[in-house]
>>> print(open('my_file-v5.csv').read())   # CSV, C-alpha atoms
chain,number,residue,atom,x,y,z
A,1,MET,CA,47.1,-27.2,48.0
A,2,HIS,CA,46.7,-26.4,44.3
A,3,GLY,CA,44.8,-28.8,42.1
A,4,TYR,CA,41.6,-30.8,42.7
A,5,THR,CA,40.2,-30.7,46.2
A,6,VAL,CA,37.1,-32.2,47.8
A,7,ALA,CA,35.4,-31.2,51.1
A,8,TYR,CA,32.7,-32.8,53.2
A,9,GLU,CA,29.1,-32.3,52.0
A,10,ARG,CA,27.5,-29.2,53.4
A,11,GLU,CA,23.8,-30.1,53.7
A,12,GLU,CA,23.0,-33.4,55.4
A,13,LEU,CA,26.0,-34.4,57.5
A,14,SER,CA,25.9,-31.7,60.1
A,15,PHE,CA,22.3,-32.3,61.3
A,16,PRO,CA,23.0,-35.6,63.1
A,17,VAL,CA,26.0,-34.2,64.8
A,18,TYR,CA,24.1,-31.2,66.2
A,19,VAL,CA,21.1,-33.5,67.2
A,20,VAL,CA,23.3,-36.0,69.0
A,21,GLY,CA,25.2,-33.2,70.7
A,22,PHE,CA,21.9,-31.6,71.9
A,23,ILE,CA,20.6,-35.0,73.1
A,24,GLY,CA,23.9,-35.4,75.0
A,25,ALA,CA,23.4,-32.0,76.7
A,26,VAL,CA,19.8,-32.9,77.6
A,27,LEU,CA,20.9,-36.3,79.0
A,28,ALA,CA,23.8,-34.7,81.0
A,29,THR,CA,21.5,-32.0,82.4
A,30,THR,CA,18.8,-34.4,83.3
A,31,GLY,CA,21.2,-36.9,84.8
A,32,ALA,CA,23.0,-34.3,86.9
A,33,ALA,CA,19.7,-32.9,88.1
A,34,SER,CA,18.2,-36.2,89.1
A,35,ASP,CA,21.5,-37.7,90.2
A,36,ASN,CA,21.2,-40.6,87.7
A,37,ILE,CA,24.5,-42.0,86.7
A,38,ILE,CA,23.0,-44.0,83.8
A,39,LEU,CA,21.8,-40.8,82.1
A,40,VAL,CA,25.2,-39.2,82.6
A,41,ALA,CA,26.9,-42.2,81.1
A,42,LEU,CA,24.5,-42.1,78.1
A,43,SER,CA,25.3,-38.4,77.7
A,44,LEU,CA,29.0,-39.3,77.5
A,45,PHE,CA,28.3,-41.7,74.7
A,46,ALA,CA,26.4,-39.0,72.8
A,47,PHE,CA,29.1,-36.5,73.3
A,48,GLY,CA,31.7,-39.0,72.2
A,49,PHE,CA,29.7,-39.6,68.9
A,50,ALA,CA,29.4,-35.8,68.4
A,51,TYR,CA,33.1,-35.3,69.1
A,52,TYR,CA,34.2,-38.1,66.7
A,53,ASN,CA,32.0,-36.6,63.9
A,54,TYR,CA,32.9,-33.0,64.6
A,55,PRO,CA,35.0,-32.7,61.4
A,56,LEU,CA,31.8,-33.2,59.4
A,57,LEU,CA,30.8,-29.7,60.6
A,58,GLU,CA,34.0,-28.1,59.2
A,59,THR,CA,32.6,-27.9,55.7
A,60,GLY,CA,34.6,-26.2,52.9
A,61,LYS,CA,37.9,-27.4,54.2
A,62,PRO,CA,39.7,-29.7,51.7
A,63,ARG,CA,39.8,-33.3,53.1
A,64,ILE,CA,41.1,-35.1,50.1
A,65,GLY,CA,42.5,-34.0,46.8
A,66,ALA,CA,45.2,-34.3,44.2
A,67,GLY,CA,47.9,-32.0,42.8
A,68,GLN,CA,51.2,-32.2,41.0
A,69,TYR,CA,52.9,-34.1,43.7
A,70,GLY,CA,50.3,-36.7,44.4
A,71,ILE,CA,47.0,-37.5,46.2
A,72,PHE,CA,46.5,-36.0,49.7
A,73,ALA,CA,44.2,-36.9,52.5
A,74,GLU,CA,43.7,-35.1,55.8
A,75,GLY,CA,45.5,-36.9,58.6
A,76,LEU,CA,47.5,-39.0,56.1
A,77,GLY,CA,49.7,-36.9,53.9
A,78,ILE,CA,50.7,-36.7,50.3
A,79,ILE,CA,51.0,-40.0,48.4
A,80,ALA,CA,53.5,-39.6,45.5
A,81,TRP,CA,52.1,-40.4,42.1
A,82,ARG,CA,55.0,-42.8,41.4
A,83,SER,CA,53.9,-44.9,44.4
A,84,ILE,CA,50.4,-45.5,43.2
A,85,LYS,CA,49.8,-48.8,41.5
A,86,GLN,CA,46.1,-48.6,40.9
A,87,ILE,CA,43.1,-46.3,41.7
A,88,GLU,CA,39.7,-48.0,41.5
A,89,LEU,CA,36.1,-47.1,42.5
A,90,ILE,CA,34.5,-49.9,44.4
A,91,PRO,CA,30.7,-49.9,44.9
A,92,TYR,CA,29.3,-51.8,48.0
A,93,GLU,CA,25.8,-52.8,48.6
A,94,VAL,CA,24.8,-52.0,52.2
A,95,ARG,CA,21.2,-52.7,53.2
A,96,GLY,CA,19.8,-52.0,49.8
A,97,SER,CA,21.8,-48.8,49.1
A,98,THR,CA,25.1,-48.5,47.2
A,99,THR,CA,28.0,-46.8,48.8
A,100,ASN,CA,31.2,-46.0,46.9
A,101,GLU,CA,34.7,-46.3,48.1
A,102,LEU,CA,38.0,-45.2,46.4
A,103,ARG,CA,40.8,-47.8,46.8
A,104,ILE,CA,44.3,-46.6,46.2
A,105,THR,CA,46.7,-49.5,45.9
A,106,LEU,CA,50.3,-48.7,46.6
A,107,GLU,CA,53.4,-50.2,45.0
A,108,GLU,CA,55.5,-49.7,48.1
A,109,PRO,CA,54.8,-49.5,51.9
A,110,LEU,CA,52.9,-46.4,53.1
A,111,ASP,CA,55.9,-45.0,54.9
A,112,ARG,CA,57.9,-44.8,51.7
A,113,ALA,CA,55.0,-43.7,49.5
A,114,LEU,CA,54.3,-40.6,51.5
A,115,LEU,CA,56.0,-37.3,50.4
A,116,ALA,CA,54.6,-35.5,53.4
A,117,ASP,CA,53.5,-37.4,56.5
A,118,TRP,CA,50.5,-35.8,58.3
A,119,ARG,CA,49.6,-38.8,60.5
A,120,LYS,CA,50.8,-37.0,63.7
A,121,ARG,CA,47.8,-34.9,64.8
A,122,PRO,CA,47.2,-32.7,67.8
A,123,PHE,CA,46.0,-34.5,70.8
A,124,TYR,CA,42.5,-32.9,70.7
A,125,ARG,CA,42.0,-34.2,67.1
A,126,PHE,CA,43.3,-37.7,67.8
A,127,LEU,CA,39.9,-39.3,68.3
A,128,MET,CA,38.1,-37.4,65.5
A,129,ARG,CA,37.0,-38.8,62.2
A,130,LEU,CA,39.5,-39.2,59.3
A,131,PRO,CA,38.5,-39.3,55.6
A,132,TRP,CA,40.5,-42.5,55.0
A,133,ARG,CA,41.3,-46.0,56.3
A,134,ALA,CA,44.1,-48.4,55.8
A,135,GLY,CA,43.0,-51.2,53.6
A,136,PRO,CA,44.3,-54.7,52.9
A,137,GLU,CA,47.3,-55.4,50.8
A,138,ASN,CA,49.0,-52.1,51.1
A,139,SER,CA,46.0,-49.9,50.1
A,140,ILE,CA,44.2,-46.8,51.3
A,141,ARG,CA,40.3,-46.8,51.4
A,142,ILE,CA,38.4,-43.5,51.1
A,143,PRO,CA,34.6,-43.6,51.5
A,144,LEU,CA,33.3,-41.1,48.9
A,145,ASP,CA,29.6,-40.7,49.7
A,146,ILE,CA,30.2,-38.1,52.4
A,147,PHE,CA,32.0,-35.6,50.1
A,148,ASP,CA,30.5,-32.7,48.1
A,149,ARG,CA,31.3,-34.2,44.7
A,150,PRO,CA,29.9,-37.3,43.1
A,151,ALA,CA,32.0,-40.4,43.4
A,152,ASP,CA,32.4,-40.8,39.6
A,153,ASP,CA,33.7,-37.3,39.4
A,154,ILE,CA,36.3,-37.8,42.1
A,155,MET,CA,37.4,-41.1,40.5
A,156,ARG,CA,37.6,-39.6,37.0
A,157,SER,CA,39.6,-36.6,38.3
A,158,PHE,CA,42.1,-38.7,40.3
A,159,SER,CA,42.6,-41.1,37.4
A,160,ARG,CA,43.1,-38.3,34.9
A,161,MET,CA,45.6,-36.6,37.1
A,162,ASN,CA,47.4,-39.9,37.8
A,163,SER,CA,47.8,-40.5,34.0
A,164,PHE,CA,48.9,-36.9,33.4
A,165,PHE,CA,51.5,-36.7,36.2
A,166,ARG,CA,52.9,-40.2,35.7
A,167,ALA,CA,53.4,-39.6,32.0
A,168,GLY,CA,56.6,-37.6,32.8
A,169,THR,CA,58.1,-40.0,35.3
A,170,PRO,CA,60.1,-43.1,34.4
>>> encode(input="my_file-v5.csv", output="structure tokens")
Amino acid sequence: MHGYTVAYEREELSFPVYVVGFIGAVLATTGAASDNIILVALSLFAFGFAYYNYPLLETGKPRIGAGQYGIFAEGLGIIAWRSIKQIELIPYEVRGSTTNELRITLEEPLDRALLADWRKRPFYRFLMRLPWRAGPENSIRIPLDIFDRPADDIMRSFSRMNSFFRAGTP
């Protein structure tokens, strides 16, 4: 994809995935050695968490971005510029810290707004983390604090590209 792309942050996100995976391995080994089903069950929860968050380890791979055709998100597809009604940055206060979320409101249903539909994923990636969520009132929500660029930079770039590419469409 040519244009503006954003990947997951490289530094802080991989550590908890490795730690929880290691804890899961220790719990599984201890549970199997001592024949303790509770420890084995806890290890499955730890492995499930590590599996769900595995995409955070794949740094450098574009997860969201924008190009001449529209905004793309991994596991969603390309949303056409003509289908975007509004792009806004929404800050949320969570336990004393601010998290930022990009909300893309669509003018039409998601099935018609997508130029390319990437929602079908391989079976092994079906339970893994996606960088987007469906929001209320025909919108897409993208939490921005896990990416390698500041939320304001992502918002400014998407808005600028939206204005530029929509200028030539009726």
>>> residues_around(input="my_file-v5.csv", residues="stretch 127-138 of chain A", least_positions_apart="4", cutoff="7 Å", atoms="all atoms listed in the file", output="list of chain:residue names")
A:Tyr51, A:Tyr52, A:Asn53, A:Tyr54, A:Pro55, A:Arg63, A:Ala73, A:Glu74, A:Gly75, A:Thr105, A:Leu106, A:Pro109, A:Ile142, A:Pro143
>>> atom_distance(input="my_file-v5.csv", atom1="atom CA of A:Ala116", atom2="atom CA of A:Glu101")
23.3 Å
>>> closest_residue(input="my_file-v5.csv", among="A:Tyr8, A:Phe47, A:Phe147, A:Phe123", to="A:Val26", atoms="only C-alpha atoms")
A:Phe47
>>> atom_distance(input="my_file-v5.csv", atom1="atom CA of A:Ser43", atom2="atom CA of A:Asp145")
28.4 Å
>>> residues_near_point(input="my_file-v5.csv", point="(30.5, -29.4, 57.3)", cutoff="7 Å", atoms="all atoms listed in the file", output="mmCIF file with C-alpha atoms, in the frame of the given file")
data_model
loop_
_atom_site.group_PDB
_atom_site.id
_atom_site.type_symbol
_atom_site.label_atom_id
_atom_site.label_comp_id
_atom_site.auth_asym_id
_atom_site.auth_seq_id
_atom_site.Cartn_x
_atom_site.Cartn_y
_atom_site.Cartn_z
ATOM 1 C CA TYR A 8 32.700 -32.800 53.200
ATOM 2 C CA GLU A 9 29.100 -32.300 52.000
ATOM 3 C CA ARG A 10 27.500 -29.200 53.400
ATOM 4 C CA LEU A 13 26.000 -34.400 57.500
ATOM 5 C CA SER A 14 25.900 -31.700 60.100
ATOM 6 C CA PRO A 55 35.000 -32.700 61.400
ATOM 7 C CA LEU A 56 31.800 -33.200 59.400
ATOM 8 C CA LEU A 57 30.800 -29.700 60.600
ATOM 9 C CA GLU A 58 34.000 -28.100 59.200
ATOM 10 C CA THR A 59 32.600 -27.900 55.700
ATOM 11 C CA GLY A 60 34.600 -26.200 52.900
#
>>> closest_residue(input="my_file-v5.csv", among="A:Leu27, A:Arg121, A:Pro91, A:Ile64", to="A:Asp148", atoms="only C-alpha atoms")
A:Ile64
>>> residues_around(input="my_file-v5.csv", residues="A:Val40", least_positions_apart="6", cutoff="12 Å", atoms="all atoms listed in the file", output="PyMOL selection string")
chain A and resi 23-34+46-47
>>> atom_distance(input="my_file-v5.csv", atom1="atom CA of A:Lys61", atom2="atom CA of A:Ile154")
16.0 Å
>>> closest_residue(input="my_file-v5.csv", among="A:Ile78, A:Ile87, A:Val94, A:Val17", to="A:Asp111", atoms="only C-alpha atoms")
A:Ile78
>>> closest_residue(input="my_file-v5.csv", among="A:Thr98, A:Phe22, A:Leu144, A:Arg103", to="A:Lys85", atoms="only C-alpha atoms")
A:Arg103
>>> closest_residue(input="my_file-v5.csv", among="A:Leu44, A:Ile37, A:Leu102, A:Val6", to="A:Val20", atoms="all atoms listed in the file")
A:Leu44
>>> decode(input="my_file-v5.csv", residues="stretch 27-52 of chain A", atoms="N, CA and C atoms", output="PDB file, in the first residue's frame")
ATOM      1  N   LEU A  27       3.414 -22.417  34.041  1.00  0.00           N
ATOM      2  CA  LEU A  27       2.209 -23.012  34.643  1.00  0.00           C
ATOM      3  C   LEU A  27       1.879 -24.363  34.014  1.00  0.00           C
ATOM      4  N   ALA A  28       2.026 -24.472  32.693  1.00  0.00           N
ATOM      5  CA  ALA A  28       1.736 -25.748  32.022  1.00  0.00           C
ATOM      6  C   ALA A  28       2.718 -26.830  32.456  1.00  0.00           C
ATOM      7  N   THR A  29       3.990 -26.468  32.541  1.00  0.00           N
ATOM      8  CA  THR A  29       5.003 -27.447  32.962  1.00  0.00           C
ATOM      9  C   THR A  29       4.782 -27.884  34.409  1.00  0.00           C
ATOM     10  N   THR A  30       4.544 -26.901  35.279  1.00  0.00           N
ATOM     11  CA  THR A  30       4.308 -27.226  36.685  1.00  0.00           C
ATOM     12  C   THR A  30       3.027 -28.036  36.862  1.00  0.00           C
ATOM     13  N   GLY A  31       1.984 -27.649  36.137  1.00  0.00           N
ATOM     14  CA  GLY A  31       0.714 -28.371  36.233  1.00  0.00           C
ATOM     15  C   GLY A  31       0.810 -29.790  35.719  1.00  0.00           C
ATOM     16  N   ALA A  32       1.536 -29.985  34.622  1.00  0.00           N
ATOM     17  CA  ALA A  32       1.693 -31.337  34.082  1.00  0.00           C
ATOM     18  C   ALA A  32       2.569 -32.190  34.996  1.00  0.00           C
ATOM     19  N   ALA A  33       3.604 -31.590  35.571  1.00  0.00           N
ATOM     20  CA  ALA A  33       4.503 -32.341  36.446  1.00  0.00           C
ATOM     21  C   ALA A  33       3.828 -32.737  37.756  1.00  0.00           C
ATOM     22  N   SER A  34       2.989 -31.850  38.277  1.00  0.00           N
ATOM     23  CA  SER A  34       2.337 -32.139  39.564  1.00  0.00           C
ATOM     24  C   SER A  34       0.918 -32.678  39.391  1.00  0.00           C
ATOM     25  N   ASP A  35       0.502 -32.872  38.138  1.00  0.00           N
ATOM     26  CA  ASP A  35      -0.830 -33.393  37.827  1.00  0.00           C
ATOM     27  C   ASP A  35      -1.925 -32.503  38.442  1.00  0.00           C
ATOM     28  N   ASN A  36      -1.763 -31.199  38.278  1.00  0.00           N
ATOM     29  CA  ASN A  36      -2.696 -30.215  38.819  1.00  0.00           C
ATOM     30  C   ASN A  36      -3.470 -29.582  37.667  1.00  0.00           C
ATOM     31  N   ILE A  37      -4.735 -29.915  37.553  1.00  0.00           N
ATOM     32  CA  ILE A  37      -5.566 -29.447  36.443  1.00  0.00           C
ATOM     33  C   ILE A  37      -5.820 -27.938  36.508  1.00  0.00           C
ATOM     34  N   ILE A  38      -5.808 -27.369  37.702  1.00  0.00           N
ATOM     35  CA  ILE A  38      -6.027 -25.921  37.855  1.00  0.00           C
ATOM     36  C   ILE A  38      -4.870 -25.143  37.234  1.00  0.00           C
ATOM     37  N   LEU A  39      -3.641 -25.592  37.465  1.00  0.00           N
ATOM     38  CA  LEU A  39      -2.491 -24.913  36.865  1.00  0.00           C
ATOM     39  C   LEU A  39      -2.491 -25.052  35.344  1.00  0.00           C
ATOM     40  N   VAL A  40      -2.914 -26.198  34.852  1.00  0.00           N
ATOM     41  CA  VAL A  40      -3.004 -26.397  33.404  1.00  0.00           C
ATOM     42  C   VAL A  40      -4.070 -25.465  32.819  1.00  0.00           C
ATOM     43  N   ALA A  41      -5.201 -25.324  33.512  1.00  0.00           N
ATOM     44  CA  ALA A  41      -6.257 -24.414  33.048  1.00  0.00           C
ATOM     45  C   ALA A  41      -5.768 -22.969  33.065  1.00  0.00           C
ATOM     46  N   LEU A  42      -5.051 -22.575  34.105  1.00  0.00           N
ATOM     47  CA  LEU A  42      -4.491 -21.222  34.154  1.00  0.00           C
ATOM     48  C   LEU A  42      -3.477 -20.996  33.036  1.00  0.00           C
ATOM     49  N   SER A  43      -2.720 -22.022  32.702  1.00  0.00           N
ATOM     50  CA  SER A  43      -1.764 -21.881  31.603  1.00  0.00           C
ATOM     51  C   SER A  43      -2.489 -21.686  30.274  1.00  0.00           C
ATOM     52  N   LEU A  44      -3.643 -22.334  30.108  1.00  0.00           N
ATOM     53  CA  LEU A  44      -4.420 -22.135  28.880  1.00  0.00           C
ATOM     54  C   LEU A  44      -4.927 -20.700  28.766  1.00  0.00           C
ATOM     55  N   PHE A  45      -5.333 -20.099  29.888  1.00  0.00           N
ATOM     56  CA  PHE A  45      -5.736 -18.691  29.870  1.00  0.00           C
ATOM     57  C   PHE A  45      -4.555 -17.795  29.495  1.00  0.00           C
ATOM     58  N   ALA A  46      -3.384 -18.075  30.052  1.00  0.00           N
ATOM     59  CA  ALA A  46      -2.193 -17.285  29.738  1.00  0.00           C
ATOM     60  C   ALA A  46      -1.814 -17.442  28.266  1.00  0.00           C
ATOM     61  N   PHE A  47      -1.842 -18.670  27.759  1.00  0.00           N
ATOM     62  CA  PHE A  47      -1.544 -18.892  26.340  1.00  0.00           C
ATOM     63  C   PHE A  47      -2.588 -18.216  25.456  1.00  0.00           C
ATOM     64  N   GLY A  48      -3.841 -18.218  25.870  1.00  0.00           N
ATOM     65  CA  GLY A  48      -4.891 -17.536  25.108  1.00  0.00           C
ATOM     66  C   GLY A  48      -4.637 -16.036  25.023  1.00  0.00           C
ATOM     67  N   PHE A  49      -4.235 -15.427  26.126  1.00  0.00           N
ATOM     68  CA  PHE A  49      -3.910 -14.004  26.127  1.00  0.00           C
ATOM     69  C   PHE A  49      -2.730 -13.715  25.202  1.00  0.00           C
ATOM     70  N   ALA A  50      -1.699 -14.536  25.280  1.00  0.00           N
ATOM     71  CA  ALA A  50      -0.527 -14.346  24.423  1.00  0.00           C
ATOM     72  C   ALA A  50      -0.891 -14.547  22.947  1.00  0.00           C
ATOM     73  N   TYR A  51      -1.729 -15.521  22.651  1.00  0.00           N
ATOM     74  CA  TYR A  51      -2.152 -15.774  21.277  1.00  0.00           C
ATOM     75  C   TYR A  51      -2.974 -14.612  20.735  1.00  0.00           C
ATOM     76  N   TYR A  52      -3.906 -14.095  21.530  1.00  0.00           N
ATOM     77  CA  TYR A  52      -4.745 -12.960  21.117  1.00  0.00           C
ATOM     78  C   TYR A  52      -3.888 -11.740  20.800  1.00  0.00           C
TER      79      TYR A  52
END
